[in-house]
Amino acid sequence: MKRRQFATLTGFLFLAFQAHAASISFPLTPPPVDAASWVLMDATTGQILTEGNADEQRNPASLTKLMTGYVVDRAIDQHRISRDDKVTIGQDAWGAGNPVFKGSSLMFLKPGEQVTVRDLSRGVIIDSGNDACVALADYVAGSQDAFVKMMNDYAAKLGLTHTHFETVHGLDAPGQHTTARDLAVLSRAIINGEPDFYQMYSEKSLTWNGITQQNRNGLLWDKNLHVDGLKTGHTESAGFNLIASSLEGRHRLIAVIMGGKSAKGREEQARKLLIWGNSNFDTVQLFHAGKALGKETVWYGNPHQVEVGTAGDIYLSVPRSAIESIKAKYVIDRKDLEAPLKQGEKVGMIQVIDKDQVLASYPLMTLNKVEEGGIVTKISDYLRQKF
């Protein structure tokens with residue numbers, strides 16, 4: 001195998017958009033977190049920067065509504081519904097007429113009134129309205145049961161292996177569970193969805209039928225954190241849950257707190273994680289899609305060389321203190337490269353290394369195709385290889 005060291009991390013451009021990265025452990029001490037489980041994720045790369053009991057199955061409470069909103073957003077993307085569609089509110093979405101909703105959070109919809117999908121979505125996100133969840137579920141899927149099936153189907157597609165939904169709103173139900181890690185993955189998918197849909201998560205209040213309610217995510221008012229989402233949740237069995245996402249320049253973090261001790265307590269724990277992450281980490285663009293990292297000889301080919309690099313932009317979240325020591329190299333996974341080669345063919349791996357530790361590995365791809373050479377080229381190369 002051939003190895004090529006081609007760059008140090010300080011030579012790369014610092015940007016953030018989309019990433020392919022592995023979970024990496026760095027020798028940094030995170031703050032203590034007073035909650036049952038938690039995760040801090042870099043939203044660009046998907047890396048977990050710190051966690052505690054991240055795969056412990058817990059009651060999501062109203063964090064369930066993240067998936068409700070995600071399913072509605074997918075239905076809009078697929079042009080099955082639009083944000084301007086008017087939904088007629090049914091009896092099952094009437095808070096006063098449904099004993100299940102007693103004492104729970106509501107948008108205070110009235111049966112028979114017509115409400116747009118956009119306003120119902122705001123009612124789900126800002127008011128945490130259980131009635132708005134039911135109205136949207138009925139409209140999108142025809143029934144709550146059919147909508148719950150869609151929620152679980154999307155959970156499977158997103159790889160949420162420890163998540164199962166039984167309700168559209170998150171009120172306690174046997175068999176309903178998720179994890180801090182799965183919720184971070186779901187939150188990242190929401191953030192990477194439609195920008196105007198994600199913008200709703202930053203709205204601080206909503207007035208409907210003469211009733212004004214404040215968003216329960218108190219971190220939206222913290223001027224130092226730049227939090228613009230996502231959601232809170234609470235039931236007696238779940239404790240106090242919160243997912244908060246902050247954006248500092250191009251650096252976005254997602255903090256998940258499950259089983260906090262109080263409404264203020266969950267905010268304080270999330271705040272500690274976000275401050276620690278923003279103080280210690282940067283998101284770095286390692287490689288640019290289609291930009292050559294090197295050229296390799298191709299035997300029996302026309303041309304005799306192929307450019308190698310990555311198919312997509314690749315990012316990594318790294319501690320600021322480690323940037324100077326991180327290097328990158330690639331390894332060709334065969335003794336010789338021989339024609340023909342397709343464009344986009346995997347020919348090795350790129351390794352990102354901090355001292356002796358391999359932080360991440362990415363496929364090394366051909367950036368151009370190489371056809372077989374003519375008879376003269378083949379004879380010449382054969383003799384060169386042989387002798």
# chains A, B, ... in the order shown; residues from 1 in each chain; ligands from 1
>>> residues_around(residues="region 119-130 of chain A", least_positions_apart="4", cutoff="9 Å", atoms="only C-alpha atoms", output="NGL selection string")
:A and (62 or 65-66 or 68-69 or 72 or 83-84 or 87 or 93 or 95 or 101 or 104-108 or 115 or 134-136 or 168-171 or 197 or 200-206 or 208 or 213-217 or 230-233)
>>> residues_around(residues="region 253-269 of chain A", least_positions_apart="4", cutoff="6 Å", atoms="only C-alpha atoms", output="ChimeraX atom specification")
/A:33,35-43,180,238-246
>>> write_last_selection(atoms="N, CA, C and O atoms", output="short mmCIF file (atom, residue, chain, number, x, y, z; two decimals), in the first residue's frame")
data_model
loop_
_atom_site.label_atom_id
_atom_site.label_comp_id
_atom_site.auth_asym_id
_atom_site.auth_seq_id
_atom_site.Cartn_x
_atom_site.Cartn_y
_atom_site.Cartn_z
N VAL A 33 -22.79 17.49 34.31
CA VAL A 33 -24.17 17.73 33.89
C VAL A 33 -25.11 17.02 34.86
O VAL A 33 -24.99 15.81 35.07
N ALA A 35 -28.30 15.68 35.04
CA ALA A 35 -29.46 15.19 34.30
C ALA A 35 -29.30 13.69 34.15
O ALA A 35 -28.22 13.13 34.36
N ALA A 36 -30.39 13.03 33.74
CA ALA A 36 -30.33 11.57 33.58
C ALA A 36 -29.50 11.18 32.37
O ALA A 36 -28.77 10.18 32.40
N SER A 37 -29.61 11.93 31.27
CA SER A 37 -28.80 11.66 30.08
C SER A 37 -28.65 12.95 29.29
O SER A 37 -29.46 13.87 29.41
N TRP A 38 -27.60 13.01 28.49
CA TRP A 38 -27.34 14.24 27.74
C TRP A 38 -26.39 13.96 26.57
O TRP A 38 -25.67 12.96 26.55
N VAL A 39 -26.39 14.89 25.61
CA VAL A 39 -25.52 14.82 24.44
C VAL A 39 -25.20 16.24 24.02
O VAL A 39 -26.05 17.13 24.07
N LEU A 40 -23.96 16.45 23.59
CA LEU A 40 -23.59 17.67 22.87
C LEU A 40 -23.05 17.25 21.52
O LEU A 40 -22.06 16.52 21.43
N MET A 41 -23.72 17.68 20.45
CA MET A 41 -23.37 17.29 19.09
C MET A 41 -22.95 18.51 18.27
O MET A 41 -23.54 19.58 18.39
N ASP A 42 -21.94 18.32 17.44
CA ASP A 42 -21.63 19.30 16.41
C ASP A 42 -22.61 19.07 15.26
O ASP A 42 -22.63 17.99 14.66
N ALA A 43 -23.42 20.07 14.96
CA ALA A 43 -24.50 19.88 13.99
C ALA A 43 -23.98 19.70 12.57
O ALA A 43 -24.63 19.05 11.75
N ALA A 180 -31.14 10.37 24.14
CA ALA A 180 -30.52 11.67 23.87
C ALA A 180 -29.80 11.66 22.53
O ALA A 180 -29.85 12.64 21.78
N ALA A 238 -41.03 11.67 32.80
CA ALA A 238 -39.89 12.03 31.93
C ALA A 238 -38.90 12.95 32.62
O ALA A 238 -37.71 12.95 32.31
N GLY A 239 -39.39 13.75 33.57
CA GLY A 239 -38.55 14.82 34.09
C GLY A 239 -38.59 16.00 33.12
O GLY A 239 -39.48 16.12 32.28
N PHE A 240 -37.58 16.85 33.25
CA PHE A 240 -37.53 18.06 32.43
C PHE A 240 -36.54 17.88 31.29
O PHE A 240 -35.33 17.71 31.52
N ASN A 241 -37.06 17.92 30.06
CA ASN A 241 -36.25 17.70 28.87
C ASN A 241 -36.08 19.02 28.10
O ASN A 241 -36.95 19.87 28.12
N LEU A 242 -34.96 19.12 27.41
CA LEU A 242 -34.70 20.31 26.59
C LEU A 242 -33.69 19.97 25.50
O LEU A 242 -32.70 19.27 25.75
N ILE A 243 -33.98 20.46 24.29
CA ILE A 243 -32.99 20.43 23.21
C ILE A 243 -32.79 21.87 22.77
O ILE A 243 -33.74 22.56 22.42
N ALA A 244 -31.53 22.32 22.82
CA ALA A 244 -31.20 23.68 22.43
C ALA A 244 -30.09 23.66 21.39
O ALA A 244 -29.12 22.91 21.52
N SER A 245 -30.25 24.48 20.36
CA SER A 245 -29.22 24.59 19.33
C SER A 245 -28.75 26.04 19.25
O SER A 245 -29.56 26.96 19.21
N SER A 246 -27.43 26.22 19.25
CA SER A 246 -26.87 27.57 19.16
C SER A 246 -26.02 27.68 17.90
O SER A 246 -25.42 26.70 17.45
#
>>> closest_residue(among="A:His226, A:Arg74, A:His79, A:His251", to="Val318 (chain A)", atoms="only C-alpha atoms")
A:His251
>>> closest_residue(among="A:Lys369, A:Lys329, A:Arg252, A:Lys223", to="His304 (chain A)", atoms="only C-alpha atoms")
A:Lys369
>>> residues_around(residues="Asp73 (chain A)", least_positions_apart="5", cutoff="12 Å", atoms="only C-alpha atoms", output="list in words")
Leu66, Met67, Thr68, Gln78, His79, Arg80, Ile81, Ser82, Arg83, Val117, Arg118, Ser121, Leu136, Val140, Met151, Tyr154, Ala189, Ile190, Ile191, Asn192, Gly193, Glu194, Pro195, Asp196, Phe197, Tyr198 and Met200 of chain A
>>> closest_residue(among="A:Val100, A:Lys86, A:Val71, A:Ser279", to="Lys157 (chain A)", atoms="only C-alpha atoms")
A:Val71
>>> closest_residue(among="A:Leu247, A:Ala173, A:Leu273, A:Leu359", to="Ala61 (chain A)", atoms="only C-alpha atoms")
A:Ala173
>>> select_by_dssp(residues="region 170-375 of chain A", states="helix (DSSP H, G or I)", output="MDAnalysis selection string")
chainID A and resid 180:191 195:202 218:221 263:280 320:325 375
